[in-house]
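> Below is the structure I would like to discuss, written out as structure tokens.
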Amino acid sequence: MRKKILTMTMLALGVFTTSYAGGLMTNTNYHIAFDRMMARGATFDIDAAYSNPAGLAWGHEGFQLSLNFQKPWQNRDIKLVTPISIYSSIYSAPVEYTYEGKASAPIVPALFASYKKDRWALSTMIGIVGSGGFVEYKEGVPMFNVLLSSMLASNGIAPNQYTLDSEMKGKQYIYGGQINFTYKLIDCLSAAVGIRANYYDGYYRGHVKAIDHPQLGEVAKLLLDVDQKGWGFTPLVSVNYHQGPLTLTARYEFRTKVNPKNDTNILDAGLGSATVAALMAADPQGAQAKLAGLQQQLGAYTAPYQDGARTRYDMPALLSVAAGYEFTPKLRATLEYHFFDDKNAKMANDRQEELTHGTHEILAGVEYDINDKFTVSCGGQRTDYGLSDGYQQNTSFACDSYSVGLGGAWNINEKVRLNAGFFTSIYSDYDKQASYGLETYSRTNYVVGLGIDYKF
């Protein structure tokens, strides 16, 4: 049992993630136009610097700049129903409890810029391109708390003999800056190539301690404090066909190898000194063998978190195709598809192999100009991750979702446009039968955004 606890704990602590829109490791919402319309793969506006670089061949002649700010809120809760058999000596009914996880981020900025002259354009985008946020469980998570209690119970230490002190939190940001070169090959066809530099910055902090035992004091503990940093580079290619009211586009991002290095501040797991002393007093020879085995297990399972060790967090290859149609000079619509090749993007401990398929997304959006000053838009997105029980973990789980967004734009004058948007994701709960009970994973997500575009 002790081996199982340590294995699951050390594997799980390394994969806190928070994503706003897009794949498991990739964000797609940078510009407020996405928040209010979702499907932006056929745009010629400034946000094409990310969503359709080749389309800038039909964009604004000259220089343009866009600055965007978004505020996300997200809950990531785990409801656990534990069978009575786990605590049969204490409780007369199954135990039900919800572990509340708060995922948040400060105001998230993104910057876009482009310059177009005749048949060519140069553009850039800077933003948080992957993960992006903090996750905290103030009372820990069930896979640590229940398993630690079960281990102690199997050695005669019941849950009512100590206090469980548990907390888990983590941060992941992948900052990205890309540059694209666009050229109109013929009057109806353009292409773009680009490169994005990605900087990974994350940390994992956590502890689970059984304390305040009347005779033993601290019974057992698991402490982790690790910082991780690393770089990765993403080649980008895109094409755009535009003829009359029809626009067809395709964009491909190659897989990005991200292999952060550990800067380990604390890594400590084992039994308390009084517990060790009690074991030694009761059975010196047997206790020595148990402790030696524990140290060997700890050496094997804490190795990935030793100072200087590396862990893979690849960003998957992404294929995006879109079709846009201008029904009238005032009414436009776009249909878009994304495929994130998550199964071929390396994750910690090859966790990607547990997925049943890569992420599929279908997006649709419509935009209408009320007059020369005001535009309104709305859109939707369906995300299917290919989840499985083997992939889902307490500290890193996903739920398939439907997202809806709406908002508008105000052309303050010929040079300045103000964008405002809101979107929310409606998640499907995921039930997983764990060895210690039934877990139900649930999420909520809300994002509001405000941005300004300026044409020179």
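Ligands are numbered from 1 in the order shown, chains are lettered A, B, ... in the order of the structure tokens, and residues start at 1 in each chain.
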Skipping near chain neighbours, those fewer than 5 positions away, what residues fall within 9 Å of region 305-320 of chain A using only C-alpha atoms, listed as a ChimeraX atom specification?
/A:10,14-15,23-26,41,51,130,200,224,226,228,232,234,249-265,267,336-350
> Using DSSP assignments from the backbone, pull out every residue in region 142-375 of chain A that falls under strand (DSSP E or B) and give it to me as a PyMOL selection string.
chain A and resi 163-186+189-211+213+217+220-243+246-253+256+261-271+310+315+318-326+331-340+359-369+374-375
> Only C-alpha atoms, please: the residues just picked out, written as a compact mmCIF listing (two decimals), in the first residue's frame.

```
# COMPACT_ATOMS: atom_id res chain seq x y z
CA THR A 163 -5.04 15.27 12.31
CA LEU A 164 -4.56 15.28 8.54
CA ASP A 165 -2.91 18.45 7.25
CA SER A 166 -2.97 18.56 3.44
CA GLU A 167 -2.64 21.19 0.71
CA MET A 168 -1.74 20.99 -2.99
CA LYS A 169 -1.08 23.83 -5.42
CA GLY A 170 0.72 24.41 -8.68
CA LYS A 171 1.41 26.91 -11.41
CA GLN A 172 2.05 26.50 -15.13
CA TYR A 173 2.65 29.25 -17.66
CA ILE A 174 3.97 28.86 -21.18
CA TYR A 175 4.83 32.30 -22.52
CA GLY A 176 5.13 32.58 -26.28
CA GLY A 177 6.26 35.09 -28.83
CA GLN A 178 5.93 34.39 -32.56
CA ILE A 179 6.82 36.14 -35.78
CA ASN A 180 5.29 35.43 -39.21
CA PHE A 181 6.15 36.38 -42.78
CA THR A 182 3.22 36.46 -45.24
CA TYR A 183 3.30 36.69 -49.03
CA LYS A 184 0.49 36.78 -51.61
CA LEU A 185 1.55 34.21 -54.21
CA ILE A 186 -1.24 35.01 -56.67
CA LEU A 189 -3.71 32.60 -52.72
CA SER A 190 -1.26 33.52 -49.96
CA ALA A 191 1.08 31.65 -47.65
CA ALA A 192 2.89 32.37 -44.39
CA VAL A 193 5.74 30.86 -42.39
CA GLY A 194 6.68 31.62 -38.82
CA ILE A 195 8.41 30.58 -35.65
CA ARG A 196 7.33 30.83 -32.01
CA ALA A 197 9.59 30.76 -28.97
CA ASN A 198 7.96 29.24 -25.86
CA TYR A 199 9.17 29.68 -22.28
CA TYR A 200 7.84 27.26 -19.64
CA ASP A 201 7.61 28.49 -16.05
CA GLY A 202 5.97 26.34 -13.38
CA TYR A 203 6.09 25.20 -9.79
CA TYR A 204 4.56 22.45 -7.65
CA ARG A 205 4.06 22.85 -3.91
CA GLY A 206 2.36 20.35 -1.70
CA HIS A 207 2.27 18.56 1.61
CA VAL A 208 0.34 15.75 3.25
CA LYS A 209 1.06 15.24 6.95
CA ALA A 210 -0.53 13.05 9.60
CA ILE A 211 0.13 15.04 12.79
CA HIS A 213 -0.98 11.78 17.32
CA GLY A 217 3.31 13.47 17.16
CA ALA A 220 3.99 10.48 8.36
CA LYS A 221 4.68 13.20 5.80
CA LEU A 222 5.11 14.02 2.14
CA LEU A 223 6.63 17.41 1.25
CA LEU A 224 7.32 18.74 -2.25
CA ASP A 225 8.52 22.13 -3.50
CA VAL A 226 9.85 22.14 -7.06
CA ASP A 227 10.33 24.91 -9.64
CA GLN A 228 10.60 24.07 -13.35
CA LYS A 229 11.74 26.17 -16.30
CA GLY A 230 12.45 25.35 -19.93
CA TRP A 231 12.32 26.44 -23.60
CA GLY A 232 10.76 25.13 -26.79
CA PHE A 233 10.38 26.36 -30.40
CA THR A 234 7.40 25.94 -32.74
CA PRO A 235 7.60 26.19 -36.58
CA LEU A 236 4.37 27.48 -38.17
CA VAL A 237 2.96 27.38 -41.71
CA SER A 238 -0.38 28.57 -43.10
CA VAL A 239 -2.17 29.14 -46.41
CA ASN A 240 -5.19 31.25 -47.34
CA TYR A 241 -7.44 31.09 -50.39
CA HIS A 242 -9.70 34.11 -50.91
CA GLN A 243 -12.04 34.57 -53.85
CA LEU A 246 -15.33 32.80 -49.81
CA THR A 247 -12.21 32.29 -47.69
CA LEU A 248 -10.56 28.89 -47.06
CA THR A 249 -7.60 28.54 -44.72
CA ALA A 250 -5.28 25.97 -43.18
CA ARG A 251 -2.69 26.42 -40.45
CA TYR A 252 -0.25 23.90 -38.98
CA GLU A 253 1.83 24.18 -35.83
CA THR A 256 7.00 21.66 -29.63
CA LYS A 261 14.60 21.31 -15.62
CA ASN A 262 13.89 20.90 -11.90
CA ASP A 263 15.06 23.38 -9.31
CA THR A 264 14.11 21.36 -6.22
CA ASN A 265 13.78 23.22 -2.94
CA ILE A 266 12.14 20.50 -0.79
CA LEU A 267 11.63 16.80 -1.43
CA ASP A 268 10.93 14.80 1.72
CA ALA A 269 8.69 11.78 2.31
CA GLY A 270 8.53 9.14 5.00
CA LEU A 271 7.51 8.30 8.54
CA ARG A 310 13.80 16.99 -16.44
CA MET A 315 2.87 21.22 -26.86
CA LEU A 318 -2.05 21.52 -34.22
CA LEU A 319 -3.96 21.45 -37.50
CA SER A 320 -6.55 24.16 -38.00
CA VAL A 321 -8.78 24.49 -41.08
CA ALA A 322 -11.51 27.09 -41.57
CA ALA A 323 -14.07 28.30 -44.07
CA GLY A 324 -15.39 31.85 -43.94
CA TYR A 325 -18.20 33.35 -46.00
CA GLU A 326 -19.38 36.94 -46.36
CA LEU A 331 -22.81 39.68 -42.25
CA ARG A 332 -19.96 37.16 -41.99
CA ALA A 333 -19.72 33.61 -40.65
CA THR A 334 -16.93 31.08 -40.08
CA LEU A 335 -16.80 27.32 -39.52
CA GLU A 336 -13.55 25.90 -38.14
CA TYR A 337 -11.95 22.62 -37.04
CA HIS A 338 -8.93 21.98 -34.79
CA PHE A 339 -7.01 18.78 -34.21
CA PHE A 340 -4.41 18.66 -31.42
CA THR A 359 -8.30 16.58 -29.15
CA HIS A 360 -11.04 17.41 -31.67
CA GLU A 361 -12.63 20.86 -31.71
CA ILE A 362 -15.40 22.26 -33.87
CA LEU A 363 -16.01 26.02 -33.81
CA ALA A 364 -18.59 28.25 -35.45
CA GLY A 365 -19.10 31.99 -35.27
CA VAL A 366 -21.08 34.82 -36.84
CA GLU A 367 -20.40 38.57 -36.95
CA TYR A 368 -22.76 41.39 -37.94
CA ASP A 369 -22.09 45.09 -38.49
CA PHE A 374 -20.90 48.91 -33.95
CA THR A 375 -20.38 45.18 -34.58
```
> Point out the residue among A:Ser123, A:Thr275, A:Asn29, A:Gln70 with the least atom-to-atom distance to Ile46 (chain A), counting only C-alpha atoms.
A:Ser123
> Would you give me, as a PyMOL selection string, the residues in region 31-98 of chain A that DSSP reads as alpha helix (DSSP H)?
chain A and resi 32-37+48-51
> For N, CA and C atoms, I'd like the residues from the last selection saved as a compact mmCIF listing (two decimals), in the first residue's frame.

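Heads up, here's the output in again.txt:
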```txt
# COMPACT_ATOMS: atom_id res chain seq x y z
N ILE A 32 -9.55 39.39 -28.05
CA ILE A 32 -10.93 39.46 -27.57
C ILE A 32 -11.91 39.06 -28.67
N ALA A 33 -11.51 39.17 -29.93
CA ALA A 33 -12.38 38.73 -31.02
C ALA A 33 -12.71 37.25 -30.89
N PHE A 34 -11.79 36.44 -30.33
CA PHE A 34 -12.10 35.02 -30.09
C PHE A 34 -13.16 34.89 -29.01
N ASP A 35 -13.05 35.65 -27.93
CA ASP A 35 -14.01 35.55 -26.84
C ASP A 35 -15.43 35.82 -27.34
N ARG A 36 -15.56 36.74 -28.28
CA ARG A 36 -16.90 37.14 -28.71
C ARG A 36 -17.39 36.40 -29.96
N MET A 37 -16.53 35.62 -30.61
CA MET A 37 -16.94 34.93 -31.84
C MET A 37 -16.47 33.49 -31.94
N ALA A 48 -5.42 37.85 -36.87
CA ALA A 48 -4.90 36.86 -37.81
C ALA A 48 -3.42 36.59 -37.59
N ALA A 49 -2.72 37.47 -36.89
CA ALA A 49 -1.31 37.23 -36.57
C ALA A 49 -1.12 35.91 -35.85
N TYR A 50 -2.18 35.44 -35.13
CA TYR A 50 -2.16 34.10 -34.56
C TYR A 50 -3.02 33.14 -35.36
N SER A 51 -4.29 33.47 -35.58
CA SER A 51 -5.26 32.50 -36.07
C SER A 51 -5.22 32.29 -37.58
```
> Within 9 Å of region 159-161 of chain A, counting only C-alpha atoms, which residues show up once you throw out same-chain ones fewer than 3 positions away? Write them as a list in words, please.
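Listing them by chain and then by number gives Tyr87, Ile90, Ser149, Ser150, Leu152, Ala153, Leu164, Ala210, Asp212, His213 and Pro214 of chain A.
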> Give the answer as one residue: which of A:Ser114, A:Tyr99, A:Pro109, A:Tyr162 has the shortest atom-to-atom distance to Lys138 (chain A), using only C-alpha atoms?
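The closest residue to Lys138 (chain A) is A:Tyr99.
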> Please compute the CA of Val129 (chain A)-CA of Tyr441 (chain A) distance, one decimal, in Å.
24.9 Å
> Grab the CA of Asp372 (chain A) to CA of Ala409 (chain A) distance for me, in Å with one decimal place.
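Atom-to-atom, CA of Asp372 (chain A) to CA of Ala409 (chain A), that is 10.6 Å.
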> Find the distance between CA of Phe422 (chain A) and CA of Ala42 (chain A) and write it in Å to one decimal.
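Taking CA of Phe422 (chain A) as the start and CA of Ala42 (chain A) as the end point, the length is 20.5 Å.
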> Pick out the closest residue to Thr328 (chain A) from this set: A:Leu56, A:Gly244, A:Leu122, A:Ile426. Count only C-alpha atoms.
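Once distances to Thr328 (chain A) are computed over only C-alpha atoms, the minimum belongs to A:Gly244.
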> For Phe456 (chain A), find every residue with an atom within 12 Å (counting only C-alpha atoms), except residues of its own chain fewer than 2 positions away, and show them as a list in words.
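Once the nearby chain positions are removed, what remains is His60, Glu61, Gly62, Phe63, Gln64, Leu65, Ser66, Ala113, Ser114, Tyr115, Lys116, Glu414, Lys415, Val416, Asp453 and Tyr454 of chain A.
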> List the spatial neighbours of region 398-407 of chain A as an MDAnalysis selection string - criterion: any atom at most 6 Å away, only C-alpha atoms, same-chain residues fewer than 5 positions off excluded.
chainID A and resid 35:37 376:384 420:428
> Which one is closest to Met125 (chain A): A:Asp283, A:Asp77, A:Asp47, A:Glu100? Count only C-alpha atoms.
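Looking at the shortest contact to Met125 (chain A), the residue is A:Asp47.
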